[in-house]
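One file, run.pdb, is given below (PDB, C-alpha atoms).
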ATOM      1  CA  MET A   1       0.000   0.000   0.000
ATOM      2  CA  LYS A   2       1.526   3.288  -1.103
ATOM      3  CA  ILE A   3       0.716   6.882  -0.218
ATOM      4  CA  THR A   4      -0.352   8.568  -3.441
ATOM      5  CA  GLY A   5      -1.868  11.772  -2.085
ATOM      6  CA  THR A   6      -1.113  14.394   0.529
ATOM      7  CA  PHE A   7      -2.698  17.381   2.141
ATOM      8  CA  ILE A   8      -0.861  20.694   1.972
ATOM      9  CA  ASP A   9      -1.139  22.567   5.272
ATOM     10  CA  GLU A  10       0.074  26.050   4.460
ATOM     11  CA  ILE A  11      -2.408  27.824   6.749
ATOM     12  CA  SER A  12      -2.004  25.915   9.997
ATOM     13  CA  HIS A  13      -3.072  26.536  13.554
ATOM     14  CA  ASP A  14      -1.395  23.666  15.415
ATOM     15  CA  ILE A  15       1.843  22.855  13.585
ATOM     16  CA  PRO A  16       4.687  25.308  12.842
ATOM     17  CA  HIS A  17       5.014  27.256   9.640
ATOM     18  CA  GLN A  18       8.067  26.406   7.539
ATOM     19  CA  ASN A  19       8.304  29.766   5.720
ATOM     20  CA  TRP A  20       8.766  28.268   2.287
ATOM     21  CA  GLY A  21       8.778  30.255  -0.929
ATOM     22  CA  LYS A  22       8.448  29.220  -4.564
ATOM     23  CA  ARG A  23      11.823  27.442  -4.663
ATOM     24  CA  GLU A  24      11.117  25.293  -1.602
ATOM     25  CA  TRP A  25       7.612  24.414  -2.764
ATOM     26  CA  ASP A  26       8.904  23.415  -6.187
ATOM     27  CA  GLN A  27      11.472  21.152  -4.529
ATOM     28  CA  ASP A  28       8.825  19.607  -2.303
ATOM     29  CA  PHE A  29       6.618  18.771  -5.271
ATOM     30  CA  ARG A  30       9.688  17.049  -6.768
ATOM     31  CA  HIS A  31      10.070  14.986  -3.593
ATOM     32  CA  MET A  32       6.356  14.107  -3.655
ATOM     33  CA  LYS A  33       6.554  13.050  -7.289
ATOM     34  CA  ALA A  34       9.589  10.859  -6.572
ATOM     35  CA  ILE A  35       7.611   8.619  -4.183
ATOM     36  CA  GLY A  36       4.516   8.391  -6.386
ATOM     37  CA  ILE A  37       2.236  11.129  -5.055
ATOM     38  CA  ASP A  38      -0.237  12.150  -7.737
ATOM     39  CA  THR A  39      -2.797  14.102  -5.688
ATOM     40  CA  VAL A  40      -2.357  17.226  -3.532
ATOM     41  CA  ILE A  41      -5.132  18.617  -1.363
ATOM     42  CA  LEU A  42      -5.067  22.138   0.060
ATOM     43  CA  ILE A  43      -6.394  21.453   3.540
ATOM     44  CA  ARG A  44      -7.827  24.947   3.866
ATOM     45  CA  SER A  45      -7.570  28.075   1.736
ATOM     46  CA  GLY A  46      -7.637  30.226   4.845
ATOM     47  CA  TYR A  47      -7.999  30.111   8.599
ATOM     48  CA  LYS A  48      -9.459  33.090  10.436
ATOM     49  CA  LYS A  49      -7.584  36.099   8.966
ATOM     50  CA  MET A  50      -4.778  34.241   7.185
ATOM     51  CA  ILE A  51      -5.512  33.235   3.583
ATOM     52  CA  THR A  52      -3.642  31.561   0.725
ATOM     53  CA  TYR A  53      -4.875  33.651  -2.203
ATOM     54  CA  PRO A  54      -5.933  37.312  -2.631
ATOM     55  CA  SER A  55      -9.650  36.697  -2.139
ATOM     56  CA  PRO A  56     -11.620  39.903  -2.739
ATOM     57  CA  TYR A  57     -14.444  38.606  -0.561
ATOM     58  CA  LEU A  58     -12.296  37.476   2.384
ATOM     59  CA  ILE A  59     -10.090  40.583   2.323
ATOM     60  CA  ASN A  60     -13.258  42.649   2.470
ATOM     61  CA  GLN A  61     -14.207  40.600   5.555
ATOM     62  CA  GLY A  62     -10.985  41.647   7.309
ATOM     63  CA  CYS A  63      -8.549  38.941   6.199
ATOM     64  CA  TYR A  64      -4.938  39.888   5.465
ATOM     65  CA  ARG A  65      -3.777  40.102   1.855
ATOM     66  CA  PRO A  66      -1.214  37.291   1.382
ATOM     67  CA  PRO A  67       2.259  38.138   0.021
ATOM     68  CA  ILE A  68       2.001  35.347  -2.584
ATOM     69  CA  ASP A  69      -0.876  33.621  -4.357
ATOM     70  CA  LEU A  70      -0.312  30.073  -3.146
ATOM     71  CA  VAL A  71      -3.370  28.644  -4.874
ATOM     72  CA  ASP A  72      -1.970  29.795  -8.225
ATOM     73  CA  LEU A  73       1.459  28.415  -7.268
ATOM     74  CA  PHE A  74       0.128  25.011  -6.206
ATOM     75  CA  LEU A  75      -2.030  24.695  -9.314
ATOM     76  CA  SER A  76       0.949  25.591 -11.504
ATOM     77  CA  LEU A  77       3.215  23.087  -9.753
ATOM     78  CA  SER A  78       0.508  20.438  -9.995
ATOM     79  CA  GLU A  79       0.411  21.105 -13.723
ATOM     80  CA  ILE A  80       4.194  20.778 -14.053
ATOM     81  CA  TYR A  81       4.419  17.544 -12.051
ATOM     82  CA  GLY A  82       1.260  15.892 -13.376
ATOM     83  CA  MET A  83      -0.751  15.999 -10.162
ATOM     84  CA  SER A  84      -4.416  16.518  -9.367
ATOM     85  CA  PHE A  85      -5.159  19.502  -7.118
ATOM     86  CA  TYR A  86      -8.111  19.635  -4.733
ATOM     87  CA  PHE A  87      -9.043  23.079  -3.415
ATOM     88  CA  GLY A  88      -9.787  23.258   0.313
ATOM     89  CA  LEU A  89     -12.517  25.619   1.467
ATOM     90  CA  TYR A  90     -12.087  28.491   3.936
ATOM     91  CA  ASP A  91     -12.182  27.855   7.693
ATOM     92  CA  SER A  92     -13.467  30.878   9.607
ATOM     93  CA  GLY A  93     -12.493  29.372  12.959
ATOM     94  CA  GLU A  94     -16.011  30.002  14.234
ATOM     95  CA  TYR A  95     -16.846  26.306  14.333
ATOM     96  CA  TRP A  96     -13.922  25.573  16.658
ATOM     97  CA  SER A  97     -15.127  28.196  19.155
ATOM     98  CA  THR A  98     -18.898  27.680  18.868
ATOM     99  CA  GLY A  99     -19.213  24.019  17.890
ATOM    100  CA  ASP A 100     -21.632  25.012  15.128
ATOM    101  CA  MET A 101     -20.603  24.275  11.534
ATOM    102  CA  THR A 102     -23.375  26.271   9.865
ATOM    103  CA  HIS A 103     -21.187  29.397  10.057
ATOM    104  CA  GLU A 104     -18.986  27.983   7.300
ATOM    105  CA  ILE A 105     -21.765  28.200   4.719
ATOM    106  CA  LYS A 106     -21.902  31.984   5.038
ATOM    107  CA  HIS A 107     -18.350  32.558   3.801
ATOM    108  CA  ASN A 108     -17.759  29.603   1.521
ATOM    109  CA  GLN A 109     -20.711  30.255  -0.742
ATOM    110  CA  PHE A 110     -18.750  33.303  -1.955
ATOM    111  CA  VAL A 111     -15.328  31.622  -1.835
ATOM    112  CA  ILE A 112     -16.469  28.753  -4.063
ATOM    113  CA  GLU A 113     -17.757  31.119  -6.745
ATOM    114  CA  GLU A 114     -14.715  33.399  -6.862
ATOM    115  CA  VAL A 115     -12.192  30.553  -6.736
ATOM    116  CA  TRP A 116     -13.771  28.725  -9.635
ATOM    117  CA  GLU A 117     -13.932  31.946 -11.662
ATOM    118  CA  ALA A 118     -10.260  32.742 -10.936
ATOM    119  CA  TYR A 119      -8.689  29.268 -11.133
ATOM    120  CA  GLY A 120     -11.183  26.914 -12.768
ATOM    121  CA  HIS A 121      -9.329  27.155 -16.078
ATOM    122  CA  TYR A 122      -6.382  25.164 -14.693
ATOM    123  CA  PRO A 123      -6.468  21.559 -15.977
ATOM    124  CA  SER A 124      -4.907  20.490 -12.669
ATOM    125  CA  PHE A 125      -7.960  21.742 -10.724
ATOM    126  CA  LYS A 126      -9.544  18.322 -10.240
ATOM    127  CA  GLY A 127     -11.752  18.622  -7.188
ATOM    128  CA  TRP A 128     -12.750  20.195  -3.891
ATOM    129  CA  TYR A 129     -11.943  19.469  -0.268
ATOM    130  CA  LEU A 130     -14.690  20.338   2.210
ATOM    131  CA  SER A 131     -12.350  21.398   4.992
ATOM    132  CA  MET A 132     -14.799  21.265   7.917
ATOM    133  CA  GLU A 133     -13.639  18.249   9.939
ATOM    134  CA  MET A 134     -16.784  16.526  11.121
ATOM    135  CA  SER A 135     -17.532  13.560  13.327
ATOM    136  CA  ARG A 136     -20.518  12.110  15.117
ATOM    137  CA  LYS A 137     -22.995  14.660  16.437
ATOM    138  CA  THR A 138     -21.116  17.657  15.042
ATOM    139  CA  LYS A 139     -23.713  20.430  15.143
ATOM    140  CA  GLY A 140     -24.804  21.593  11.688
ATOM    141  CA  ALA A 141     -22.283  19.354   9.925
ATOM    142  CA  VAL A 142     -24.605  17.266   7.763
ATOM    143  CA  ASN A 143     -26.407  20.266   6.283
ATOM    144  CA  ALA A 144     -23.211  22.284   5.834
ATOM    145  CA  ILE A 145     -21.323  19.451   4.130
ATOM    146  CA  ARG A 146     -24.235  18.607   1.850
ATOM    147  CA  GLU A 147     -24.981  22.221   0.892
ATOM    148  CA  LEU A 148     -21.377  23.225   0.234
ATOM    149  CA  GLY A 149     -20.601  19.984  -1.584
ATOM    150  CA  VAL A 150     -23.557  20.425  -3.908
ATOM    151  CA  ARG A 151     -22.555  24.055  -4.506
ATOM    152  CA  CYS A 152     -18.983  23.031  -5.415
ATOM    153  CA  LYS A 153     -20.219  20.383  -7.823
ATOM    154  CA  ASN A 154     -22.757  22.678  -9.479
ATOM    155  CA  VAL A 155     -20.238  25.483 -10.001
ATOM    156  CA  SER A 156     -17.532  23.216 -11.448
ATOM    157  CA  LYS A 157     -19.618  20.922 -13.644
ATOM    158  CA  ASN A 158     -19.538  18.075 -11.124
ATOM    159  CA  LEU A 159     -15.887  17.905 -10.065
ATOM    160  CA  PRO A 160     -15.552  15.469  -7.135
ATOM    161  CA  THR A 161     -15.727  16.538  -3.500
ATOM    162  CA  LEU A 162     -13.692  15.032  -0.658
ATOM    163  CA  ILE A 163     -14.137  14.989   3.123
ATOM    164  CA  SER A 164     -11.789  13.666   5.816
ATOM    165  CA  PRO A 165     -13.808  13.119   9.014
ATOM    166  CA  TRP A 166     -12.477  11.919  12.339
ATOM    167  CA  ILE A 167     -13.520   8.891  14.341
ATOM    168  CA  ASP A 168     -14.452   9.445  17.978
ATOM    169  CA  GLY A 169     -11.870   6.982  19.275
ATOM    170  CA  LYS A 170      -9.702   6.993  22.390
ATOM    171  CA  LYS A 171      -7.182   9.401  20.853
ATOM    172  CA  ALA A 172      -9.814  11.927  19.720
ATOM    173  CA  VAL A 173      -8.686  14.737  22.010
ATOM    174  CA  MET A 174      -8.127  18.388  21.155
ATOM    175  CA  ALA A 175      -4.569  19.388  20.294
ATOM    176  CA  SER A 176      -4.725  22.006  23.044
ATOM    177  CA  GLN A 177      -5.418  19.370  25.712
ATOM    178  CA  SER A 178      -2.516  17.913  27.680
ATOM    179  CA  HIS A 179      -3.705  14.314  27.778
ATOM    180  CA  LEU A 180      -3.346  11.900  24.859
ATOM    181  CA  THR A 181      -6.392   9.682  25.329
ATOM    182  CA  LYS A 182      -9.852   9.788  26.866
ATOM    183  CA  SER A 183     -11.716   7.183  28.863
ATOM    184  CA  GLU A 184     -14.770   6.893  26.629
ATOM    185  CA  SER A 185     -14.837   6.250  22.901
ATOM    186  CA  VAL A 186     -17.336   5.210  20.280
ATOM    187  CA  SER A 187     -18.003   1.498  19.809
ATOM    188  CA  LEU A 188     -17.828  -0.111  16.386
ATOM    189  CA  LYS A 189     -21.586  -0.759  16.448
ATOM    190  CA  GLN A 190     -22.433   2.798  17.460
ATOM    191  CA  HIS A 191     -20.059   4.197  14.850
ATOM    192  CA  GLU A 192     -21.776   2.142  12.160
ATOM    193  CA  GLN A 193     -25.251   3.267  13.222
ATOM    194  CA  GLU A 194     -24.372   6.941  13.419
ATOM    195  CA  TRP A 195     -22.398   7.061  10.189
ATOM    196  CA  THR A 196     -25.164   5.283   8.308
ATOM    197  CA  GLU A 197     -27.353   8.267   9.176
ATOM    198  CA  ILE A 198     -24.605  10.788   8.386
ATOM    199  CA  PHE A 199     -23.920   9.261   4.968
ATOM    200  CA  ASP A 200     -27.652   9.324   4.243
ATOM    201  CA  GLY A 201     -27.576  13.066   4.851
ATOM    202  CA  ILE A 202     -24.405  14.039   2.981
ATOM    203  CA  LYS A 203     -24.299  11.625   0.029
ATOM    204  CA  GLU A 204     -25.595  14.208  -2.472
ATOM    205  CA  GLY A 205     -22.675  16.518  -1.740
ATOM    206  CA  VAL A 206     -19.779  14.094  -1.179
ATOM    207  CA  ASP A 207     -17.989  11.844  -3.662
ATOM    208  CA  ILE A 208     -14.964  10.680  -1.637
ATOM    209  CA  VAL A 209     -14.434  10.058   2.070
ATOM    210  CA  ALA A 210     -11.018   9.586   3.679
ATOM    211  CA  PHE A 211     -11.423   8.954   7.399
ATOM    212  CA  GLN A 212      -8.507  10.063   9.582
ATOM    213  CA  ASP A 213      -6.871   6.920  10.946
ATOM    214  CA  GLY A 214      -5.034   8.299  13.960
ATOM    215  CA  HIS A 215      -7.756   8.441  16.615
ATOM    216  CA  LEU A 216      -7.915   4.682  17.180
ATOM    217  CA  GLU A 217      -5.664   2.110  18.776
ATOM    218  CA  TYR A 218      -3.728   0.251  16.083
ATOM    219  CA  GLU A 219      -5.428  -3.061  16.870
ATOM    220  CA  GLU A 220      -8.866  -1.435  16.337
ATOM    221  CA  LEU A 221      -8.116   0.172  13.008
ATOM    222  CA  TYR A 222      -8.780  -2.718  10.622
ATOM    223  CA  ASP A 223     -12.345  -3.282  11.894
ATOM    224  CA  PHE A 224     -13.194   0.412  11.536
ATOM    225  CA  LEU A 225     -11.647   0.526   8.060
ATOM    226  CA  ILE A 226     -13.879  -2.374   6.999
ATOM    227  CA  ILE A 227     -17.022  -0.683   8.368
ATOM    228  CA  ASN A 228     -16.135   2.699   6.859
ATOM    229  CA  LYS A 229     -15.628   1.211   3.404
ATOM    230  CA  LYS A 230     -18.823  -0.814   3.601
ATOM    231  CA  LEU A 231     -20.878   2.239   4.585
ATOM    232  CA  ALA A 232     -19.320   4.401   1.889
ATOM    233  CA  ASP A 233     -19.852   1.720  -0.771
ATOM    234  CA  ASN A 234     -23.495   1.388   0.256
ATOM    235  CA  HIS A 235     -23.991   5.127  -0.300
ATOM    236  CA  GLY A 236     -22.114   5.372  -3.606
ATOM    237  CA  ILE A 237     -19.151   7.194  -2.052
ATOM    238  CA  LYS A 238     -15.543   6.283  -2.857
ATOM    239  CA  SER A 239     -13.243   5.339   0.058
ATOM    240  CA  TRP A 240      -9.686   6.532   0.545
ATOM    241  CA  THR A 241      -7.768   6.318   3.814
ATOM    242  CA  ASN A 242      -6.099   9.312   5.465
ATOM    243  CA  CYS A 243      -2.970   7.656   6.834
ATOM    244  CA  GLU A 244      -1.690  10.299   9.218
ATOM    245  CA  SER A 245       2.093  10.726   9.156
ATOM    246  CA  PHE A 246       2.254  12.478  12.521
ATOM    247  CA  ASP A 247       2.268  10.751  15.891
ATOM    248  CA  ARG A 248      -0.696  11.110  18.251
ATOM    249  CA  ASP A 249       1.012   8.999  20.933
ATOM    250  CA  MET A 250       3.653  11.569  21.884
ATOM    251  CA  PRO A 251       3.324  14.243  24.588
ATOM    252  CA  ILE A 252       4.674  16.837  22.130
ATOM    253  CA  LYS A 253       2.055  17.711  19.516
ATOM    254  CA  PHE A 254       2.839  17.016  16.758
ATOM    255  CA  LEU A 255       5.937  15.139  15.587
ATOM    256  CA  PRO A 256       6.586  12.799  12.627
ATOM    257  CA  ILE A 257       5.266   9.293  13.249
ATOM    258  CA  LYS A 258       7.439   6.276  13.916
ATOM    259  CA  PHE A 259       7.774   4.376  10.623
ATOM    260  CA  GLU A 260       6.578   1.086  12.149
ATOM    261  CA  LYS A 261       3.246   2.735  13.048
ATOM    262  CA  LEU A 262       2.835   4.164   9.544
ATOM    263  CA  LYS A 263       3.507   0.713   8.102
ATOM    264  CA  LEU A 264       0.920  -0.907  10.411
ATOM    265  CA  LYS A 265      -1.730   1.543   9.238
ATOM    266  CA  LEU A 266      -0.943   1.176   5.539
ATOM    267  CA  GLU A 267      -1.044  -2.605   5.794
ATOM    268  CA  ALA A 268      -4.395  -2.477   7.608
ATOM    269  CA  ALA A 269      -5.829  -0.322   4.821
ATOM    270  CA  GLN A 270      -4.502  -2.659   2.143
ATOM    271  CA  LYS A 271      -5.990  -5.665   3.923
ATOM    272  CA  ALA A 272      -9.338  -3.843   4.152
ATOM    273  CA  GLY A 273      -9.408  -3.325   0.375
ATOM    274  CA  TYR A 274      -8.552   0.351   0.018
ATOM    275  CA  ASP A 275      -6.921   1.412  -3.231
ATOM    276  CA  LYS A 276      -5.731   4.936  -2.328
ATOM    277  CA  ALA A 277      -3.980   6.328   0.725
ATOM    278  CA  ILE A 278      -3.472  10.027   1.331
ATOM    279  CA  THR A 279      -1.627  11.533   4.276
ATOM    280  CA  PHE A 280      -1.631  14.497   6.567
ATOM    281  CA  GLU A 281       0.846  15.530   5.645
ATOM    282  CA  PHE A 282       3.946  15.134   3.564
ATOM    283  CA  SER A 283       5.618  18.537   3.783
ATOM    284  CA  HIS A 284       5.921  18.697   7.571
ATOM    285  CA  PHE A 285       6.164  15.031   8.525
ATOM    286  CA  MET A 286       7.724  13.145   5.589
ATOM    287  CA  SER A 287       9.627  15.628   3.444
ATOM    288  CA  PRO A 288      13.442  15.538   3.131
ATOM    289  CA  GLN A 289      13.367  19.315   3.587
ATOM    290  CA  SER A 290      10.977  19.418   6.547
ATOM    291  CA  SER A 291      11.939  21.462   9.596
ATOM    292  CA  TYR A 292      11.800  18.132  11.501
ATOM    293  CA  THR A 293      14.935  16.026  11.000
ATOM    294  CA  SER A 294      12.956  12.898  11.881
ATOM    295  CA  ALA A 295      10.780  13.562   8.814
ATOM    296  CA  HIS A 296      13.879  13.196   6.618
ATOM    297  CA  HIS A 297      14.483   9.777   8.119
ATOM    298  CA  LEU A 298      10.812   8.805   7.728
ATOM    299  CA  TYR A 299      11.111   9.637   4.030
ATOM    300  CA  ASN A 300      14.130   7.316   3.805
ATOM    301  CA  ARG A 301      12.408   4.473   5.662
ATOM    302  CA  TYR A 302       9.267   4.877   3.534
ATOM    303  CA  ASN A 303      11.348   4.839   0.345
ATOM    304  CA  GLU A 304      12.969   1.582   1.459
ATOM    305  CA  TYR A 305       9.519   0.154   2.206
ATOM    306  CA  ILE A 306       7.956   0.958  -1.159
ATOM    307  CA  SER A 307      11.027  -0.217  -3.050
ATOM    308  CA  LYS A 308      10.398  -3.701  -1.653
ATOM    309  CA  THR A 309       6.689  -3.817  -2.589
TER     310      THR A 309
END
For the file at hand, write its structure as structure tokens.
Amino acid sequence: MKITGTFIDEISHDIPHQNWGKREWDQDFRHMKAIGIDTVILIRSGYKKMITYPSPYLINQGCYRPPIDLVDLFLSLSEIYGMSFYFGLYDSGEYWSTGDMTHEIKHNQFVIEEVWEAYGHYPSFKGWYLSMEMSRKTKGAVNAIRELGVRCKNVSKNLPTLISPWIDGKKAVMASQSHLTKSESVSLKQHEQEWTEIFDGIKEGVDIVAFQDGHLEYEELYDFLIINKKLADNHGIKSWTNCESFDRDMPIKFLPIKFEKLKLKLEAAQKAGYDKAITFEFSHFMSPQSSYTSAHHLYNRYNEYISKT
């Protein structure tokens, strides 16, 4: 099982910025291409007041004008290196403070329109990422995901939409919290029941689902992967796996994952019948030019792994 897609987290709120410019991004796309990555996903086009492109709407809402148009850069690099680019919607930050996802509709209805008008001509623009990370009982999530997904598809003549939800497992704790696990977590049966209802509600607006795989114990993962794929298949939604390349088991949040753990997760996904793995995310946690030295070594170990398969 190989990783063939990665998120790009240029506007982050819980991992450090690497201060890359055009030269560093070009080099990183070269590194991605070298290990077989063919899909890049902008995890969010903005967060609160920081944005990746000079959005007239968002700047008018008080966002800062960025010094470089990263959306244009990433689309151009995707074109050069033969990759598919998925545009990630804007995250106002209001959901994280209020717990209500309906706020995201207000801004993204304008963002979707202006982005498609400005960048839809790029052949590398292959889809949309609905950046609101939902899980069970996330207030307003089903309606927001469905409405924004349908809007993306209508504007772009039905380009696919992707979501990457989280599973309410033992490791599903906020990054700001000091502990690594919680005492209560969702059961497999309860997860299946709740996500059957969620998929019923969002299926019109979502084409691909890639559940985050880091919130579970490693011995639980295979069973959840099987259920997730079955539910998605039943609703006509394609399944990828989001094989996280950062470690949720460490007291420092967040560091590159131990290779053995990454391998366990990839092999579980392969056994469960998945045909595409994406990761969050290459540039910080796997790149030879990451600010983390351990990411350089993870790249080497991963290269050794895929050369044997």
Atom CA of Glu260 of chain A to atom CA of Asp213 of chain A, distance in Å rounded to a single decimal
14.7 Å
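Distance check against Glu204 of chain A using only C-alpha atoms: of A:Asn143, A:Pro165, A:Met250, A:Ser131, the minimum falls on A:Asn143.
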Give me, as a short mmCIF file (atom, residue, chain, number, x, y, z; two decimals) with C-alpha atoms, in the frame of the given file, all polymer residues having an atom no more than 12 Å from segment 57-71 of chain A, counting all atoms listed in the file and skipping those fewer than 4 positions away in the same chain.
data_model
loop_
_atom_site.label_atom_id
_atom_site.label_comp_id
_atom_site.auth_asym_id
_atom_site.auth_seq_id
_atom_site.Cartn_x
_atom_site.Cartn_y
_atom_site.Cartn_z
CA ILE A 8 -0.86 20.69 1.97
CA ASP A 9 -1.14 22.57 5.27
CA GLU A 10 0.07 26.05 4.46
CA ILE A 11 -2.41 27.82 6.75
CA ASN A 19 8.30 29.77 5.72
CA TRP A 20 8.77 28.27 2.29
CA GLY A 21 8.78 30.26 -0.93
CA LYS A 22 8.45 29.22 -4.56
CA TRP A 25 7.61 24.41 -2.76
CA ASP A 26 8.90 23.42 -6.19
CA VAL A 40 -2.36 17.23 -3.53
CA ILE A 41 -5.13 18.62 -1.36
CA LEU A 42 -5.07 22.14 0.06
CA ILE A 43 -6.39 21.45 3.54
CA ARG A 44 -7.83 24.95 3.87
CA SER A 45 -7.57 28.08 1.74
CA GLY A 46 -7.64 30.23 4.84
CA TYR A 47 -8.00 30.11 8.60
CA LYS A 48 -9.46 33.09 10.44
CA LYS A 49 -7.58 36.10 8.97
CA MET A 50 -4.78 34.24 7.18
CA ILE A 51 -5.51 33.24 3.58
CA THR A 52 -3.64 31.56 0.72
CA TYR A 53 -4.88 33.65 -2.20
CA LEU A 75 -2.03 24.70 -9.31
CA SER A 76 0.95 25.59 -11.50
CA LEU A 77 3.22 23.09 -9.75
CA SER A 78 0.51 20.44 -9.99
CA PHE A 85 -5.16 19.50 -7.12
CA TYR A 86 -8.11 19.64 -4.73
CA PHE A 87 -9.04 23.08 -3.42
CA GLY A 88 -9.79 23.26 0.31
CA LEU A 89 -12.52 25.62 1.47
CA TYR A 90 -12.09 28.49 3.94
CA ASP A 91 -12.18 27.86 7.69
CA SER A 92 -13.47 30.88 9.61
CA LYS A 106 -21.90 31.98 5.04
CA HIS A 107 -18.35 32.56 3.80
CA ASN A 108 -17.76 29.60 1.52
CA GLN A 109 -20.71 30.26 -0.74
CA PHE A 110 -18.75 33.30 -1.96
CA VAL A 111 -15.33 31.62 -1.84
CA ILE A 112 -16.47 28.75 -4.06
CA GLU A 113 -17.76 31.12 -6.74
CA GLU A 114 -14.72 33.40 -6.86
CA VAL A 115 -12.19 30.55 -6.74
CA TRP A 116 -13.77 28.72 -9.64
CA ALA A 118 -10.26 32.74 -10.94
CA TYR A 119 -8.69 29.27 -11.13
CA GLY A 120 -11.18 26.91 -12.77
CA TYR A 122 -6.38 25.16 -14.69
CA SER A 124 -4.91 20.49 -12.67
CA PHE A 125 -7.96 21.74 -10.72
#
Between A:Lys253, A:Lys308, A:Lys258, A:Lys265, which has the minimum distance to Pro16 of chain A (counting all atoms listed in the file)?
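Checking each of A:Lys253, A:Lys308, A:Lys258, A:Lys265 against Pro16 of chain A, counting all atoms listed in the file, the winner is A:Lys253.
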For Phe280 of chain A, which residue out of A:Ser294, A:Ser185, A:Gln190, A:Ser12 is the nearest one, using all atoms listed in the file?
A:Ser12
Please write out, as AutoDock Vina command-line options, where the centre of an axis-aligned box around all listed atoms of segment 184-197 of chain A lies and how long its edges are, in Å to one decimal, after adding 8 Å on each side.
--center_x -21.1 --center_y 3.8 --center_z 17.5 --size_x 28.6 --size_y 25.0 --size_z 34.3
Determine the nearest neighbour of Arg23 of chain A from the options A:Leu73, A:Met286, A:Lys2, A:Tyr274, counting only C-alpha atoms.
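Selected residue with least distance to Arg23 of chain A: A:Leu73.
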To verify the selection step, state as a PyMOL selection string which residues the PyMOL selection byres ((chain A and resi 197) around 12) yields on this input.
chain A and resi 135-137+142+190-196+198-203+231-232+234-235
Expand the PyMOL selection byres ((chain A and resi 303) around 12) into the individual residues it matches in the shown file, reporting them as a count of residues only.
25
What lies within 9 Å of Lys33 of chain A using all atoms listed in the file, ignoring chain neighbours under 6 positions off, as a ChimeraX atom specification?
/A:81-83
Hey, can you check how far atom CA of Pro256 of chain A sits from atom CA of Met134 of chain A?
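Separation between atom CA of Pro256 of chain A and atom CA of Met134 of chain A: 23.7 Å.
Closest to Lys126 of chain A among A:Ala144, A:Cys152, A:Ile37, A:Ile105 is A:Cys152, based on only C-alpha atoms.
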Would you mind telling me which residue in A:Asp223, A:Ser84, A:Trp166, A:Ser156 lies nearest to Ser187 of chain A when using all atoms listed in the file?
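Of A:Asp223, A:Ser84, A:Trp166, A:Ser156, the one nearest Ser187 of chain A is A:Asp223, counting all atoms listed in the file.
Going from atom CA of Asn228 of chain A over to atom CA of Ser97 of chain A, you cover 28.3 Å.
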What residues come out when you apply the PyMOL selection byres ((chain A and resi 1) around 8) to this file, written as a list in words?
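Expected selection for the PyMOL selection byres ((chain A and resi 1) around 8) here is Lys2, Ile3, Leu266, Glu267, Ala269, Gln270, Asp275, Lys276 and Ala277 of chain A.
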Using only C-alpha atoms, please write the residues we just selected to a file, as a short mmCIF file (atom, residue, chain, number, x, y, z; two decimals), keeping the file's coordinate frame.
data_model
loop_
_atom_site.label_atom_id
_atom_site.label_comp_id
_atom_site.auth_asym_id
_atom_site.auth_seq_id
_atom_site.Cartn_x
_atom_site.Cartn_y
_atom_site.Cartn_z
CA LYS A 2 1.53 3.29 -1.10
CA ILE A 3 0.72 6.88 -0.22
CA LEU A 266 -0.94 1.18 5.54
CA GLU A 267 -1.04 -2.60 5.79
CA ALA A 269 -5.83 -0.32 4.82
CA GLN A 270 -4.50 -2.66 2.14
CA ASP A 275 -6.92 1.41 -3.23
CA LYS A 276 -5.73 4.94 -2.33
CA ALA A 277 -3.98 6.33 0.72
#
